[in-house]
There are 4 protein chains.
Amino acid sequence: MSSKITPNIVSPPKKIKVGILGATGTVGQRFITLLSDHPWFIIEALGASERSKGKRYREAVKWKQTIPLGGLGLGGIGTSETEKISSTDLRSDDRRVGDLIVKGCIPEEFKACQLVFSGLDADVAGDIESAFRSANISLFSNAKNYRRDPHVPLVVPLVNPSHFSIIPQQQRLHSPSLSKGFIVTNANCSTTGYVIPLAALEKAFGPIESVLVTTMQAISGAGYPGVPSLDILGNVVPYIGGEEEKIEWETLKILGGITDSETEFDKNGVPLKTFDMHQAGGRPALRVSASCNRVPVVDGHMECVSLRFHRRPPPSPQQVREALSAFTPEVQTLGCPSAPRKAIEVFEEPDRPQPRLDVKGTHNGAGVSVGRVRQCQVLDIKFVVLSDNVSIGAATSSIINAEYAVLKGVVS
Amino acid sequence: MSSKITPNIVSPPKKIKVGILGATGTVGQRFITLLSDHPWFIIEALGASERSKGKRYREAVKWKQTIPLGGLGLGGIGTSETEKISSTDLRSDDRRVGDLIVKGCIPEEFKACQLVFSGLDADVAGDIESAFRSANISLFSNAKNYRRDPHVPLVVPLVNPSHFSIIPQQQRLHSPSLSKGFIVTNANCSTTGYVIPLAALEKAFGPIESVLVTTMQAISGAGYPGVPSLDILGNVVPYIGGEEEKIEWETLKILGGITDSETEFDKNGVPLKTFDMHQAGGRPALRVSASCNRVPVVDGHMECVSLRFHRRPPPSPQQVREALSAFTPEVQTLGCPSAPRKAIEVFEEPDRPQPRLDVKGTHNGAGVSVGRVRQCQVLDIKFVVLSDNVSIGAATSSIINAEYAVLKGVVS
Amino acid sequence: MSSKITPNIVSPPKKIKVGILGATGTVGQRFITLLSDHPWFIIEALGASERSKGKRYREAVKWKQTIPLGGLGLGGIGTSETEKISSTDLRSDDRRVGDLIVKGCIPEEFKACQLVFSGLDADVAGDIESAFRSANISLFSNAKNYRRDPHVPLVVPLVNPSHFSIIPQQQRLHSPSLSKGFIVTNANCSTTGYVIPLAALEKAFGPIESVLVTTMQAISGAGYPGVPSLDILGNVVPYIGGEEEKIEWETLKILGGITDSETEFDKNGVPLKTFDMHQAGGRPALRVSASCNRVPVVDGHMECVSLRFHRRPPPSPQQVREALSAFTPEVQTLGCPSAPRKAIEVFEEPDRPQPRLDVKGTHNGAGVSVGRVRQCQVLDIKFVVLSDNVSIGAATSSIINAEYAVLKGVVS
Amino acid sequence: MSSKITPNIVSPPKKIKVGILGATGTVGQRFITLLSDHPWFIIEALGASERSKGKRYREAVKWKQTIPLGGLGLGGIGTSETEKISSTDLRSDDRRVGDLIVKGCIPEEFKACQLVFSGLDADVAGDIESAFRSANISLFSNAKNYRRDPHVPLVVPLVNPSHFSIIPQQQRLHSPSLSKGFIVTNANCSTTGYVIPLAALEKAFGPIESVLVTTMQAISGAGYPGVPSLDILGNVVPYIGGEEEKIEWETLKILGGITDSETEFDKNGVPLKTFDMHQAGGRPALRVSASCNRVPVVDGHMECVSLRFHRRPPPSPQQVREALSAFTPEVQTLGCPSAPRKAIEVFEEPDRPQPRLDVKGTHNGAGVSVGRVRQCQVLDIKFVVLSDNVSIGAATSSIINAEYAVLKGVVS
């Protein structure tokens, strides 16, 4: 899964100005929280709807993060006092975010940004993101609108950053062709969490044949106001609209390869690259069956996974544990600053991971946690995986994708 | 699955005196609540630990039911005012339960009872239940201790009451042999809920080959004090000790048949009957894989089930819905008063059933609810089933078993 | 607090046709649930917004009650099987509610109704309720719009049904004057719960001088979708918009008397009657201070009350307990069928009442529960009161008000 | 409230070895979490019950903190990646805590410690803490056992560290008299949270005459296993055993002064110092009335406070806000490293603070948050205060007390 884009790693520029679309929403707030003390990225511009435009960010936003807006960049929870003091210099900088004047979501307002993150809602993301790309802006989107586009990579940064290699084609196919503008999306939160151990296992043991996944998803995955409390307090809702379908096909695109199309050609007659969602390249087709449930948990998607490998005999639970624990994604070796120090934490305790205790892990929600690896009586292996749906399941993935793009020179 | 015990139904006696062991515990309280307005059974004796012995029940118990102890038999929640008034005569009777003097759990104290229910904890149930059987008392137990005993039927009343037919052998094998004493157990709550639709589907479409079940279980399943709030509030615990194993083997015993043993014989050289847990009798082996989770729900186990039929092609989702809805267990046609009017309620809404809204159904938790019947990409069919773990999953099953035994003349 | 309307009680008519406005909303659903097996009232017409108009009720509503729409009138939870069976005849009737065609909220559509209940939202209730009154329809409203109107009684049925005596004046002042039309409102849910014990104490011990009340209110009080789960799961929100003000002034109107106005006169020069919210009639002014909190509870408002009596020395905790327990409102002696058998249940246990266990009580939420009566170090007495905000705090109050009006001949 | 102990601040020693009693319990785990990256204190010894003695800490403990045992000292949640990396060197150190061999709670095992923290349960704390003091060890206890002792200071570090001045007398009265050993306790969690704004207001506006406080307390306040989930999920329990009494008298001791006793004398005939809980020294008596509730919140006690000042007219809400915000406790100016940068955060938003969002604040739970400051119709002023019961309400207070003692030279 090595990158096919550029052989040489570009040294990271000191300061990169970034913009955030949908800045007042749940995902936007998370982008701001994560970027407020980022070593490279500086928040330059915030975009939101007409209702917020022209206001100071602190007046426009209904801030819902556990780190207060005024405390961003100060280290926050769990930081030692000495570290807090040493970061005092950043304070004036970070106070700045609250004082930024919110802009409309139009490309002209974001010209000073070298790249833009989108936390837009799906009902507006389509047109706005397209306009940003056409304006030659590099866009990292958390929205679902372009995930199915055959020339837009759907990248879980711990899994398939190699899919960035399709970007030149995305730019070439645009009319007029683009030099810098592109759209990269990250995956749905519930897909992201469980596809990371799947990727680790395919890397170690070859193709997986079938996967059954049952999710227990946190309310924060539905944004704000999201799930009415009367629906979920002391309850389980065995349905999340469109979620099962997303898991089932996103998994195929993410774990699939990129091949030359046999039916599409560019103007020079060169076959177009396309995602190979059916794994025709010699590997057995992957079948995925998802059952999605909403549970009264604030943050952290739990997923019970059972799977069958192509290879016979399948690996033992202990081999699976070791392969998961050893998994080292390219974004980590490359030095993306937001990549987790450990991609997959494997728990030995029988009753872990648990959302309330383990969702943040030691990596601020950038890695995932796996537990209860054991044999499945019907398929081969079963386990649970916990992922932080508001971190690796959303903004953190976009940010690592952007870091990867910077290191690979895809964003200049 | 027709009964093999007695061809003729005995007409129900007017009043049958019953005892309850473990009366102060969670299951015991539920037995009392359900029996307080039972048409046949009259609570005659309550047994509990040394700590409670000799006290009035109302002083011995830490009552945790939503229907107050003083309101038992008055109809309670949702009853129309007129019905409440009409049941006033029962009141003196029901007030009586609070005034009963709690006895020790020894057979001598329960001689006046025609049958006894056990809500004992597993750590004491073994010896006590055995002593009651030896004292020639018919015992209907919710405890797990004798579930694996090859001569004790493990009966989910909506599924396999035909397994009562092994009781004569249980009595014959006892030394000295018994005329009335026996133990019947009901199944673990999470097994009970999902095995009912499985039985309905096997009845309609023949043997199931494999089942994957992921549970989201309510805290009341763990009794009181049970799950510490710090473990479960806003959390999911992906582990319940011993639960997955119980589901996996109990399913085999419940859905299995009774055959003559090829290796065991009675003193007359007649082959002993034994449970056929491997379904050797021509049907394919059933493989079950369970993943159990505790969720912050008070009452109601939700289970996501995927299964594969032996028959090809498998039935369609619509055929499955119709078969589930049409399922009519023997206890219902026979007229057991606590049997649900409808064994399986099938929901068409995409987001139902839900524990908070649907756990009691229209049958006071005696039936189960199934929803989201759809195709599975890996096996054949998937759906969710919701069962009331404190009703059909516990005391209600024992009570229907006892009603069945009365109607069949097994209890005289 | 004896009624001033008619000396003779009218014998209740067999069947009274009623309408429900706002039938698809939370309060409307509760009206339907409660009226589905009412001994006098028959649901004749359901009104809702344009979106629902013309649809069958079962298609128009997103039903959120724990008793299924199809199970209404069948007795439901906690009812014995025999009672369920005996009520089978009602079933066809009750199925009927789901099949009713939803009407628009215009008086012409409700001509067949002898009285109408309103569960409308405040943003539309003003004009619609006024139009119904002008069309000479008796309207019992749960909305807040007319609560402050000096000629509309604000009636907590267990407290001040005597305030119905202002209705003739409300009708006379209308232009043209009305023979049957009027509006009666019930109080805000958090006011209703705690004002019942206040009324009981004023009846027994004379005027209260000051009250401090801190509420912990259930999410169902905010309707649906109401409180976002992200705001309340594992959280407390120390604010409910407008709630503290409502408690503070509604208490004064409800506990106040009706006197002749010294400044307003009718066309004949007769002084108008008006509510005496300042208790000028010789009694000391009542001061109320409320602090309102939302807590993650589904149903049941808990309120911690501290109060000071005018009389010195104040009653002892034991005297208070006895007075609360002995309180018998007029609606009860009069025989209103939905009035609770006991208005105030007094708990002796130190840790009761609790919403989850006690909200419904033995009276289906029509009474309230008081516990922890003890001395206050700052004022005189403190206690907690629990009320079922969706029953006595909403639809049940409207229904008892209507029953009272029928028995008193206010509704013909 | 300036310190009366030593005029000169001792410069903090580089490394002070500390012990923790009750290390496997809830409070003990919190001590370890907080001390793992403390600038002065080094965890030297851990003590627990016989069951844990001799095991490695990681094997003895059922770790329930959101920061994993292996991640202690690494910065944790909300820390920027760069800071995390820079703290890598600490890792070996912090891993060390998990590897420590748990000792018994006997003084001999803690000789290497310069001071000891106690997170012991009340049922064992009495004898053990006394033994440690007798062994001349400085003990900072979170247990309640010695809080009422007239010679043991009950210190909320943001309020009354001046009460340390009674320690020399505590040492002198011991037989034999002690040179270094003493016991200092911190207050009950619910007292600590609300007494901080009370102290700020007394400092600014003079004595408070009466206080009414209604608490909504988190489950973590009850330790582990603590509150059964069946008691609290979707519920409120209006009772916490002994809690109201604790708040009512602890407040008097904490806000009271130390005076010379008129009845007790030391052997030299010098009057003994004693706590003046009745505020006889010219100030009006303070009356406190508390109502305590448990709510389904994990961390964070919310308290609704109404109070009356002695001074007429009382300060306005705005003056109260300013005084709270300006409050600067001595521990802060003195430079205690765990003291909050801001003691009281005052919120202007109408619906804040909230436990889930605000419990940690920007100071890792060492300060408190106040909101909704407004007039009270019965007393003068009302507001809500939120405190982190597991931080400032428990271990953090002990630690700041110890820091203060070090800076003041009370601990050498």
# chains A, B, ... in the order shown; residues from 1 in each chain; ligands from 1
>>> interface_residues(of="chain D", to="chain B", cutoff="9 Å", atoms="only C-alpha atoms", output="PDB file with C-alpha atoms, in the first residue's frame")
ATOM      1  CA  LYS D  64     -11.469   2.989  35.468  1.00  0.00           C
ATOM      2  CA  ILE D 219     -22.579   9.002  40.207  1.00  0.00           C
ATOM      3  CA  SER D 220     -18.790   9.104  40.451  1.00  0.00           C
ATOM      4  CA  GLY D 223     -17.198   5.531  44.178  1.00  0.00           C
ATOM      5  CA  TYR D 224     -17.128   2.099  42.559  1.00  0.00           C
ATOM      6  CA  PRO D 225     -19.235  -0.030  42.316  1.00  0.00           C
ATOM      7  CA  GLY D 226     -21.300   2.716  43.941  1.00  0.00           C
ATOM      8  CA  VAL D 227     -24.748   3.400  42.560  1.00  0.00           C
ATOM      9  CA  PRO D 228     -26.428   0.401  40.867  1.00  0.00           C
ATOM     10  CA  SER D 229     -27.423   1.287  37.333  1.00  0.00           C
ATOM     11  CA  LEU D 230     -30.978   0.070  37.943  1.00  0.00           C
ATOM     12  CA  ASP D 231     -31.320   2.836  40.524  1.00  0.00           C
ATOM     13  CA  ILE D 232     -30.130   5.741  38.439  1.00  0.00           C
ATOM     14  CA  LEU D 233     -30.464   5.138  34.687  1.00  0.00           C
ATOM     15  CA  GLY D 234     -33.145   7.561  33.471  1.00  0.00           C
ATOM     16  CA  PRO D 296     -27.460  10.141  35.921  1.00  0.00           C
ATOM     17  CA  VAL D 297     -24.351  12.203  35.240  1.00  0.00           C
ATOM     18  CA  VAL D 298     -20.885  10.657  35.318  1.00  0.00           C
TER      19      VAL D 298
END
>>> residues_around(residues="D:Phe164", least_positions_apart="5", cutoff="12 Å", atoms="only C-alpha atoms", output="PDB file with C-alpha atoms, in the first residue's frame")
ATOM      1  CA  MET D   1      -7.967  35.019  54.986  1.00  0.00           C
ATOM      2  CA  SER D   2      -4.207  35.408  54.705  1.00  0.00           C
ATOM      3  CA  SER D   3      -2.114  32.585  56.043  1.00  0.00           C
ATOM      4  CA  LYS D   4      -1.034  32.810  59.628  1.00  0.00           C
ATOM      5  CA  ILE D   5       1.565  30.070  59.455  1.00  0.00           C
ATOM      6  CA  THR D   6       4.836  31.327  58.028  1.00  0.00           C
ATOM      7  CA  PHE D 140      -3.605  14.534  53.471  1.00  0.00           C
ATOM      8  CA  HIS D 151      -8.039  19.909  65.953  1.00  0.00           C
ATOM      9  CA  VAL D 152      -8.005  18.601  62.410  1.00  0.00           C
ATOM     10  CA  PRO D 153      -8.375  21.308  59.802  1.00  0.00           C
ATOM     11  CA  LEU D 154     -11.069  20.719  57.172  1.00  0.00           C
ATOM     12  CA  VAL D 155      -9.524  22.593  54.285  1.00  0.00           C
ATOM     13  CA  VAL D 156     -10.996  23.535  50.951  1.00  0.00           C
ATOM     14  CA  PRO D 157      -7.775  24.871  49.488  1.00  0.00           C
ATOM     15  CA  VAL D 159     -11.218  28.800  50.731  1.00  0.00           C
ATOM     16  CA  GLN D 169      -1.758  22.433  68.257  1.00  0.00           C
ATOM     17  CA  GLN D 170      -2.847  19.087  66.757  1.00  0.00           C
ATOM     18  CA  GLN D 171       0.782  17.963  66.996  1.00  0.00           C
ATOM     19  CA  PHE D 182      -0.552  15.457  61.262  1.00  0.00           C
ATOM     20  CA  ILE D 183      -3.835  14.902  59.487  1.00  0.00           C
ATOM     21  CA  VAL D 184      -5.410  17.436  57.177  1.00  0.00           C
ATOM     22  CA  THR D 185      -8.714  16.588  55.536  1.00  0.00           C
ATOM     23  CA  ASN D 186     -10.459  18.080  52.585  1.00  0.00           C
ATOM     24  CA  ILE D 254     -14.965  25.820  56.674  1.00  0.00           C
ATOM     25  CA  GLY D 257     -12.846  31.148  62.105  1.00  0.00           C
ATOM     26  CA  ILE D 258     -10.432  29.760  64.664  1.00  0.00           C
ATOM     27  CA  LYS D 273      -7.536  27.094  69.612  1.00  0.00           C
ATOM     28  CA  PHE D 275     -13.032  26.113  65.321  1.00  0.00           C
ATOM     29  CA  ASN D 401      -3.449  21.303  50.295  1.00  0.00           C
ATOM     30  CA  ALA D 402      -0.164  19.412  50.177  1.00  0.00           C
ATOM     31  CA  TYR D 404       0.321  24.727  50.125  1.00  0.00           C
ATOM     32  CA  ALA D 405       1.806  22.883  53.084  1.00  0.00           C
ATOM     33  CA  VAL D 406       5.091  22.488  51.202  1.00  0.00           C
ATOM     34  CA  LYS D 408       4.426  27.216  53.738  1.00  0.00           C
ATOM     35  CA  GLY D 409       7.008  24.887  55.247  1.00  0.00           C
ATOM     36  CA  VAL D 410       4.414  22.840  57.124  1.00  0.00           C
ATOM     37  CA  VAL D 411       5.757  19.791  55.346  1.00  0.00           C
TER      38      VAL D 411
END
>>> select_by_dssp(residues="stretch 118-240 of chain D", states="strand (DSSP E or B)", output="MDAnalysis selection string")
chainID D and resid 118 138:141 154 182:185 208:217 228 237
>>> residues_around(residues="B:Leu286", least_positions_apart="2", cutoff="7 Å", atoms="only C-alpha atoms", output="ChimeraX atom specification")
/B:208-210,284,288
>>> residues_around(residues="D:Cys376", least_positions_apart="4", cutoff="7 Å", atoms="only C-alpha atoms", output="count of residues only")
5
>>> select_by_dssp(residues="stretch 167-240 of chain B", states="alpha helix (DSSP H)", output="list in words")
Ile167, Pro168, Gln169, Gln170, Gln171, Arg172, Leu173, Cys189, Ser190, Thr191, Thr192, Gly193, Tyr194, Val195, Ile196, Pro197, Leu198, Ala199, Ala200, Leu201, Glu202, Lys203, Ala204, Phe205, Ser229, Leu230, Asp231 and Ile232 of chain B
>>> residues_around(residues="C:Glu345", least_positions_apart="4", cutoff="8 Å", atoms="only C-alpha atoms", output="list in words")
Leu324, Ser325, Gly367, Val368, Ser369 and Val370 of chain C
>>> residues_around(residues="C:Gly300", least_positions_apart="4", cutoff="10 Å", atoms="only C-alpha atoms", output="ChimeraX atom specification")
/C:189-190,193,216-221,354-360,365,368,385-391,393 /D:235-236
>>> atom_distance(atom1="atom CA of C:Glu303", atom2="atom CA of C:Asn188")
13.7 Å
>>> atom_distance(atom1="atom CA of C:Lys246", atom2="atom CA of C:Ala187")
8.9 Å
>>> residues_around(residues="D:Leu158", least_positions_apart="6", cutoff="7 Å", atoms="only C-alpha atoms", output="PyMOL selection string")
chain D and resi 196+329+331
>>> atom_distance(atom1="atom CA of A:Ile167", atom2="atom CA of A:Lys144")
17.6 Å
>>> closest_residue(among="D:Phe41, D:Phe31, D:Tyr239, D:Tyr57", to="D:Leu120", atoms="only C-alpha atoms")
D:Phe31
